[in-house]
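Novice: File name entry15.cif; file contents mmCIF, C-alpha atoms and all ligand atoms; full text below.
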data_input
loop_
_atom_site.group_PDB
_atom_site.id
_atom_site.type_symbol
_atom_site.label_atom_id
_atom_site.label_comp_id
_atom_site.auth_asym_id
_atom_site.auth_seq_id
_atom_site.Cartn_x
_atom_site.Cartn_y
_atom_site.Cartn_z
ATOM 1 C CA MET J 1 0.000 0.000 0.000
ATOM 2 C CA LEU J 2 1.283 3.445 -0.890
ATOM 3 C CA SER J 3 1.399 6.157 1.744
ATOM 4 C CA LEU J 4 1.699 9.850 1.126
ATOM 5 C CA TYR J 5 3.770 12.106 3.348
ATOM 6 C CA GLN J 6 4.000 15.829 3.741
ATOM 7 C CA CYS J 7 7.248 17.288 5.006
ATOM 8 C CA HIS J 8 6.930 20.698 6.645
ATOM 9 C CA CYS J 9 10.666 21.300 7.281
ATOM 10 C CA SER J 10 12.135 24.660 6.341
ATOM 11 C CA GLU J 11 14.258 23.151 3.558
ATOM 12 C CA CYS J 12 11.215 21.606 1.868
ATOM 13 C CA ARG J 13 9.254 24.841 2.287
ATOM 14 C CA LYS J 14 12.027 26.861 0.645
ATOM 15 C CA THR J 15 12.509 24.343 -2.151
ATOM 16 C CA THR J 16 8.827 24.024 -3.019
ATOM 17 C CA GLY J 17 7.832 27.597 -2.204
ATOM 18 C CA SER J 18 4.882 26.158 -0.330
ATOM 19 C CA SER J 19 3.811 24.931 3.111
ATOM 20 C CA ALA J 20 5.032 21.386 2.594
ATOM 21 C CA ASN J 21 6.622 18.919 0.226
ATOM 22 C CA ALA J 22 4.307 16.006 -0.590
ATOM 23 C CA GLY J 23 5.731 12.668 -1.603
ATOM 24 C CA LEU J 24 5.816 8.924 -1.367
ATOM 25 C CA LEU J 25 8.537 7.252 0.640
ATOM 26 C CA LEU J 26 9.628 3.965 -0.914
ATOM 27 C CA SER J 27 12.468 1.627 -0.117
ATOM 28 C CA LYS J 28 15.053 1.708 -2.902
ATOM 29 C CA ASN J 29 14.223 -1.848 -3.944
ATOM 30 C CA GLN J 30 10.647 -0.726 -4.704
ATOM 31 C CA PHE J 31 11.860 1.871 -7.205
ATOM 32 C CA ARG J 32 13.577 1.821 -10.594
ATOM 33 C CA TRP J 33 14.094 4.347 -13.347
ATOM 34 C CA ILE J 34 12.330 3.624 -16.632
ATOM 35 C CA ALA J 35 13.690 6.597 -18.591
ATOM 36 C CA GLY J 36 15.221 10.029 -18.232
ATOM 37 C CA GLU J 37 17.755 9.322 -15.503
ATOM 38 C CA GLU J 38 20.489 10.946 -17.623
ATOM 39 C CA ASN J 39 18.608 14.291 -17.434
ATOM 40 C CA ILE J 40 18.816 14.530 -13.646
ATOM 41 C CA LYS J 41 20.758 17.390 -12.122
ATOM 42 C CA VAL J 42 21.584 17.546 -8.443
ATOM 43 C CA PHE J 43 21.874 20.608 -6.243
ATOM 44 C CA ILE J 44 23.140 20.087 -2.700
ATOM 45 C CA LYS J 45 22.695 22.937 -0.240
ATOM 46 C CA SER J 46 25.347 23.718 2.400
ATOM 47 C CA SER J 47 23.056 22.012 4.928
ATOM 48 C CA GLY J 48 23.303 18.783 2.938
ATOM 49 C CA TYR J 49 19.698 19.047 1.708
ATOM 50 C CA ARG J 50 19.602 17.567 -1.760
ATOM 51 C CA VAL J 51 17.452 18.775 -4.658
ATOM 52 C CA ASN J 52 17.248 16.501 -7.702
ATOM 53 C CA PHE J 53 15.535 17.958 -10.724
ATOM 54 C CA CYS J 54 15.055 17.361 -14.436
ATOM 55 C CA ALA J 55 17.423 19.489 -16.539
ATOM 56 C CA THR J 56 14.895 19.463 -19.386
ATOM 57 C CA CYS J 57 11.727 20.629 -17.625
ATOM 58 C CA GLY J 58 12.902 21.747 -14.157
ATOM 59 C CA SER J 59 10.546 19.411 -12.279
ATOM 60 C CA PRO J 60 11.683 17.780 -9.059
ATOM 61 C CA VAL J 61 12.399 14.085 -9.567
ATOM 62 C CA PRO J 62 12.576 11.052 -7.297
ATOM 63 C CA ASN J 63 15.627 11.252 -5.074
ATOM 64 C CA PRO J 64 17.350 9.276 -2.358
ATOM 65 C CA THR J 65 16.435 10.645 1.061
ATOM 66 C CA SER J 66 19.291 12.374 2.838
ATOM 67 C CA VAL J 67 18.109 11.616 6.363
ATOM 68 C CA GLN J 68 17.369 7.898 6.060
ATOM 69 C CA ALA J 69 19.493 5.626 3.893
ATOM 70 C CA GLY J 70 17.754 3.099 1.694
ATOM 71 C CA PHE J 71 14.697 5.173 0.824
ATOM 72 C CA MET J 72 13.551 7.207 -2.158
ATOM 73 C CA TRP J 73 11.332 10.290 -1.976
ATOM 74 C CA ILE J 74 8.881 10.386 -4.884
ATOM 75 C CA PRO J 75 7.349 13.867 -5.332
ATOM 76 C CA ALA J 76 3.587 13.304 -5.318
ATOM 77 C CA GLY J 77 2.875 15.938 -7.945
ATOM 78 C CA LEU J 78 4.703 13.826 -10.515
ATOM 79 C CA LEU J 79 2.130 11.035 -10.386
ATOM 80 C CA ASP J 80 -0.010 11.059 -13.542
ATOM 81 C CA ASN J 81 -2.685 8.712 -12.210
ATOM 82 C CA PRO J 82 -2.496 8.477 -8.434
ATOM 83 C CA PRO J 83 -4.867 5.876 -6.992
ATOM 84 C CA PRO J 84 -8.025 7.475 -5.542
ATOM 85 C CA SER J 85 -7.216 5.797 -2.233
ATOM 86 C CA LEU J 86 -3.947 7.719 -1.908
ATOM 87 C CA LYS J 87 -4.204 10.093 1.039
ATOM 88 C CA VAL J 88 -1.724 11.897 3.249
ATOM 89 C CA SER J 89 -0.865 9.434 6.036
ATOM 90 C CA ASN J 90 1.883 11.287 7.878
ATOM 91 C CA HIS J 91 2.997 14.857 8.364
ATOM 92 C CA ILE J 92 6.674 15.075 9.281
ATOM 93 C CA TYR J 93 8.757 17.905 10.758
ATOM 94 C CA VAL J 94 5.568 19.505 12.045
ATOM 95 C CA ASP J 95 7.533 21.332 14.768
ATOM 96 C CA SER J 96 9.184 23.463 12.099
ATOM 97 C CA LYS J 97 6.110 24.207 9.991
ATOM 98 C CA ALA J 98 5.375 27.761 8.908
ATOM 99 C CA SER J 99 3.387 29.831 11.413
ATOM 100 C CA TRP J 100 0.666 30.311 8.788
ATOM 101 C CA ASP J 101 0.422 26.604 8.000
ATOM 102 C CA GLU J 102 -2.728 24.975 9.442
ATOM 103 C CA ILE J 103 -2.576 21.209 9.032
ATOM 104 C CA ALA J 104 -5.999 19.677 8.409
ATOM 105 C CA GLY J 105 -7.190 16.085 8.288
ATOM 106 C CA SER J 106 -6.569 13.074 10.486
ATOM 107 C CA ALA J 107 -3.104 12.019 9.283
ATOM 108 C CA LYS J 108 -0.485 11.388 11.972
ATOM 109 C CA GLN J 109 1.692 14.333 12.855
ATOM 110 C CA HIS J 110 5.338 13.870 13.835
ATOM 111 C CA ALA J 111 7.472 16.592 15.417
ATOM 112 C CA GLU J 112 10.427 15.504 13.272
ATOM 113 C CA LEU J 113 11.177 12.364 11.285
ATOM 114 C CA PRO J 114 10.655 9.267 13.453
ATOM 115 C CA LEU J 115 13.942 7.440 13.979
ATOM 116 C CA ASN J 116 12.654 4.158 12.638
ATOM 117 C CA ILE J 117 10.605 5.067 9.633
ATOM 118 C CA ASN J 118 10.238 1.410 8.657
ATOM 119 C CA LYS J 119 8.023 0.699 11.635
ATOM 120 C CA THR J 120 6.510 4.091 12.234
ATOM 121 C CA LEU J 121 5.596 5.361 8.803
ATOM 122 C CA LEU J 122 5.568 2.554 6.275
HETATM 123 ZN ZN ZN B 201 11.548 18.331 4.494
#
Rewrite the coordinates I just gave you, this time as structure tokens.

Specialist:
Amino acid sequence: MLSLYQCHCSECRKTTGSSANAGLLLSKNQFRWIAGEENIKVFIKSSGYRVNFCATCGSPVPNPTSVQAGFMWIPAGLLDNPPPSLKVSNHIYVDSKASWDEIAGSAKQHAELPLNINKTLL
């Protein structure tokens, strides 16, 4: 089952220009590139925050998570046909959300990223 996450950390807010960065968190063995991997450019901020994007269209692309080895972050806005059942299941880094950000819904809220995301989030 796929779960959708929203990260409210300051790095994601700056990168997306929005209140949160929505994405799927998959283990690396659940993901493979079909095409376009050669067009990926990587920008790494001084904090270590990594931004992978398509050099052709500028869109964010799936990227390995910097805080938890073995996982890929799949930006949710890239999905052409997300299943209707896909809903936000977890909000992460809620303690650093923008003051104007009001989180709605019943998804779990985590102050930061739980240490064991395998058991807590997946
Ligand atoms: Zn974040």

Novice: Evaluate the PyMOL selection byres (((chain J and resi 59-61) around 8) and not hetatm) and record the selected residues as a list of chain:residue names, following the chain and residue labels used in the document.

Specialist: J:Ile40, J:Val51, J:Asn52, J:Phe53, J:Cys54, J:Cys57, J:Gly58, J:Pro62, J:Asn63, J:Ile74, J:Pro75, J:Leu78

Novice: What residues have an atom no more than 8 Å from (19.4, 16.2, -18.5) in the file's own frame, counting all atoms listed in the file, and can you write them as a ChimeraX atom specification?

Specialist: /J:36-41,54-56

Novice: Export, as a PDB file, in the frame of the given file, the selected residues with C-alpha atoms.

Specialist:
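Result written to selection.pdb:
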ATOM      1  CA  GLY J  36      15.221  10.029 -18.232  1.00  0.00           C
ATOM      2  CA  GLU J  37      17.755   9.322 -15.503  1.00  0.00           C
ATOM      3  CA  GLU J  38      20.489  10.946 -17.623  1.00  0.00           C
ATOM      4  CA  ASN J  39      18.608  14.291 -17.434  1.00  0.00           C
ATOM      5  CA  ILE J  40      18.816  14.530 -13.646  1.00  0.00           C
ATOM      6  CA  LYS J  41      20.758  17.390 -12.122  1.00  0.00           C
ATOM      7  CA  CYS J  54      15.055  17.361 -14.436  1.00  0.00           C
ATOM      8  CA  ALA J  55      17.423  19.489 -16.539  1.00  0.00           C
ATOM      9  CA  THR J  56      14.895  19.463 -19.386  1.00  0.00           C
TER      10      THR J  56
END

Novice: For each of J:Lys28, J:Ile92, J:Ser3, J:Pro114, take the minimum atom-to-atom distance to ligand ZN 201 (chain B), counting all atoms listed in the file, then give the residue where this is smallest.

Specialist: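 That would be J:Ile92, the residue with the smallest distance to ligand ZN 201 (chain B).
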
Novice: Run through the PyMOL selection byres (((chain J and resi 76) around 12) and not hetatm) on the given coordinates and return the selected residues as a compact mmCIF listing (two decimals) with C-alpha atoms, keeping the file's coordinate frame.

Specialist:
# COMPACT_ATOMS: atom_id res chain seq x y z
CA LEU J 2 1.28 3.44 -0.89
CA SER J 3 1.40 6.16 1.74
CA LEU J 4 1.70 9.85 1.13
CA TYR J 5 3.77 12.11 3.35
CA GLN J 6 4.00 15.83 3.74
CA CYS J 7 7.25 17.29 5.01
CA ALA J 20 5.03 21.39 2.59
CA ASN J 21 6.62 18.92 0.23
CA ALA J 22 4.31 16.01 -0.59
CA GLY J 23 5.73 12.67 -1.60
CA LEU J 24 5.82 8.92 -1.37
CA LEU J 25 8.54 7.25 0.64
CA LEU J 26 9.63 3.96 -0.91
CA SER J 59 10.55 19.41 -12.28
CA PRO J 60 11.68 17.78 -9.06
CA VAL J 61 12.40 14.08 -9.57
CA PRO J 62 12.58 11.05 -7.30
CA TRP J 73 11.33 10.29 -1.98
CA ILE J 74 8.88 10.39 -4.88
CA PRO J 75 7.35 13.87 -5.33
CA GLY J 77 2.88 15.94 -7.94
CA LEU J 78 4.70 13.83 -10.52
CA LEU J 79 2.13 11.04 -10.39
CA ASP J 80 -0.01 11.06 -13.54
CA ASN J 81 -2.68 8.71 -12.21
CA PRO J 82 -2.50 8.48 -8.43
CA PRO J 83 -4.87 5.88 -6.99
CA LEU J 86 -3.95 7.72 -1.91
CA LYS J 87 -4.20 10.09 1.04
CA VAL J 88 -1.72 11.90 3.25

Novice: Could you pull out the residues sitting within 6 Å of ligand ZN 201 (chain B), using only C-alpha atoms and all ligand atoms, and write them as a list in words?

Specialist: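 What falls inside 6 Å of ligand ZN 201 (chain B) is Cys7, His8, Cys9, Glu11 and Cys12 of chain J.
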
Novice: Calculate how many Å separate CA of Arg13 (chain J) from CA of Asn90 (chain J), rounding to one decimal.

Specialist: 16.4 Å

Novice: Residue by residue, what does the PyMOL selection byres (((chain J and resi 99) around 12) and not hetatm) grab here? Present the result as a PyMOL selection string.

Specialist: chain J and resi 8-10+13+19+94-98+100-103

Novice: Have a look at CA of Phe71 (chain J) and CA of Tyr49 (chain J) and let me know their distance in Å, one decimal.

Specialist: 14.8 Å

Novice: In Å, how far is it from CA of Gln30 (chain J) to CA of Met72 (chain J)?

Specialist: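 That distance, rounded to one decimal, is 8.8 Å.
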
Novice: Could you add whatever atoms are missing so that region 35-56 of chain J carries N, CA and C atoms, then write the result as a PDB file, in the frame of the given file?

Specialist:
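Output saved as out_25.pdb:
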ATOM      1  N   ALA J  35      13.067   5.735 -17.584  1.00  0.00           N
ATOM      2  CA  ALA J  35      13.690   6.597 -18.591  1.00  0.00           C
ATOM      3  C   ALA J  35      14.037   7.935 -17.960  1.00  0.00           C
ATOM      4  N   GLY J  36      14.943   8.653 -18.609  1.00  0.00           N
ATOM      5  CA  GLY J  36      15.221  10.029 -18.232  1.00  0.00           C
ATOM      6  C   GLY J  36      16.243  10.234 -17.137  1.00  0.00           C
ATOM      7  N   GLU J  37      16.813   9.165 -16.616  1.00  0.00           N
ATOM      8  CA  GLU J  37      17.755   9.322 -15.503  1.00  0.00           C
ATOM      9  C   GLU J  37      18.959  10.188 -15.889  1.00  0.00           C
ATOM     10  N   GLU J  38      19.330  10.169 -17.170  1.00  0.00           N
ATOM     11  CA  GLU J  38      20.489  10.946 -17.623  1.00  0.00           C
ATOM     12  C   GLU J  38      20.214  12.453 -17.601  1.00  0.00           C
ATOM     13  N   ASN J  39      18.953  12.857 -17.465  1.00  0.00           N
ATOM     14  CA  ASN J  39      18.608  14.291 -17.434  1.00  0.00           C
ATOM     15  C   ASN J  39      18.592  14.873 -16.022  1.00  0.00           C
ATOM     16  N   ILE J  40      18.904  14.067 -15.034  1.00  0.00           N
ATOM     17  CA  ILE J  40      18.816  14.530 -13.646  1.00  0.00           C
ATOM     18  C   ILE J  40      20.014  15.394 -13.291  1.00  0.00           C
ATOM     19  N   LYS J  41      19.724  16.523 -12.692  1.00  0.00           N
ATOM     20  CA  LYS J  41      20.758  17.390 -12.122  1.00  0.00           C
ATOM     21  C   LYS J  41      20.563  17.395 -10.614  1.00  0.00           C
ATOM     22  N   VAL J  42      21.640  17.582  -9.906  1.00  0.00           N
ATOM     23  CA  VAL J  42      21.584  17.546  -8.443  1.00  0.00           C
ATOM     24  C   VAL J  42      22.141  18.843  -7.888  1.00  0.00           C
ATOM     25  N   PHE J  43      21.404  19.427  -6.962  1.00  0.00           N
ATOM     26  CA  PHE J  43      21.874  20.608  -6.243  1.00  0.00           C
ATOM     27  C   PHE J  43      21.886  20.246  -4.769  1.00  0.00           C
ATOM     28  N   ILE J  44      23.039  20.409  -4.123  1.00  0.00           N
ATOM     29  CA  ILE J  44      23.140  20.087  -2.700  1.00  0.00           C
ATOM     30  C   ILE J  44      23.437  21.372  -1.943  1.00  0.00           C
ATOM     31  N   LYS J  45      22.527  21.722  -1.030  1.00  0.00           N
ATOM     32  CA  LYS J  45      22.695  22.937  -0.240  1.00  0.00           C
ATOM     33  C   LYS J  45      23.799  22.731   0.801  1.00  0.00           C
ATOM     34  N   SER J  46      24.295  23.826   1.392  1.00  0.00           N
ATOM     35  CA  SER J  46      25.347  23.718   2.400  1.00  0.00           C
ATOM     36  C   SER J  46      24.897  22.891   3.603  1.00  0.00           C
ATOM     37  N   SER J  47      23.592  22.820   3.829  1.00  0.00           N
ATOM     38  CA  SER J  47      23.056  22.012   4.928  1.00  0.00           C
ATOM     39  C   SER J  47      23.099  20.520   4.617  1.00  0.00           C
ATOM     40  N   GLY J  48      23.338  20.178   3.352  1.00  0.00           N
ATOM     41  CA  GLY J  48      23.303  18.783   2.938  1.00  0.00           C
ATOM     42  C   GLY J  48      21.978  18.404   2.276  1.00  0.00           C
ATOM     43  N   TYR J  49      20.998  19.301   2.347  1.00  0.00           N
ATOM     44  CA  TYR J  49      19.698  19.047   1.708  1.00  0.00           C
ATOM     45  C   TYR J  49      19.911  18.938   0.205  1.00  0.00           C
ATOM     46  N   ARG J  50      19.358  17.891  -0.362  1.00  0.00           N
ATOM     47  CA  ARG J  50      19.602  17.567  -1.760  1.00  0.00           C
ATOM     48  C   ARG J  50      18.358  17.855  -2.593  1.00  0.00           C
ATOM     49  N   VAL J  51      18.547  18.518  -3.724  1.00  0.00           N
ATOM     50  CA  VAL J  51      17.452  18.775  -4.658  1.00  0.00           C
ATOM     51  C   VAL J  51      17.824  18.132  -5.988  1.00  0.00           C
ATOM     52  N   ASN J  52      17.064  17.140  -6.398  1.00  0.00           N
ATOM     53  CA  ASN J  52      17.248  16.501  -7.702  1.00  0.00           C
ATOM     54  C   ASN J  52      16.144  17.012  -8.617  1.00  0.00           C
ATOM     55  N   PHE J  53      16.524  17.417  -9.807  1.00  0.00           N
ATOM     56  CA  PHE J  53      15.535  17.958 -10.724  1.00  0.00           C
ATOM     57  C   PHE J  53      15.882  17.577 -12.156  1.00  0.00           C
ATOM     58  N   CYS J  54      14.884  17.685 -13.024  1.00  0.00           N
ATOM     59  CA  CYS J  54      15.055  17.361 -14.436  1.00  0.00           C
ATOM     60  C   CYS J  54      15.639  18.577 -15.152  1.00  0.00           C
ATOM     61  N   ALA J  55      16.775  18.387 -15.833  1.00  0.00           N
ATOM     62  CA  ALA J  55      17.423  19.489 -16.539  1.00  0.00           C
ATOM     63  C   ALA J  55      16.628  19.929 -17.762  1.00  0.00           C
ATOM     64  N   THR J  56      15.690  19.123 -18.218  1.00  0.00           N
ATOM     65  CA  THR J  56      14.895  19.463 -19.386  1.00  0.00           C
ATOM     66  C   THR J  56      13.690  20.315 -19.023  1.00  0.00           C
TER      67      THR J  56
END
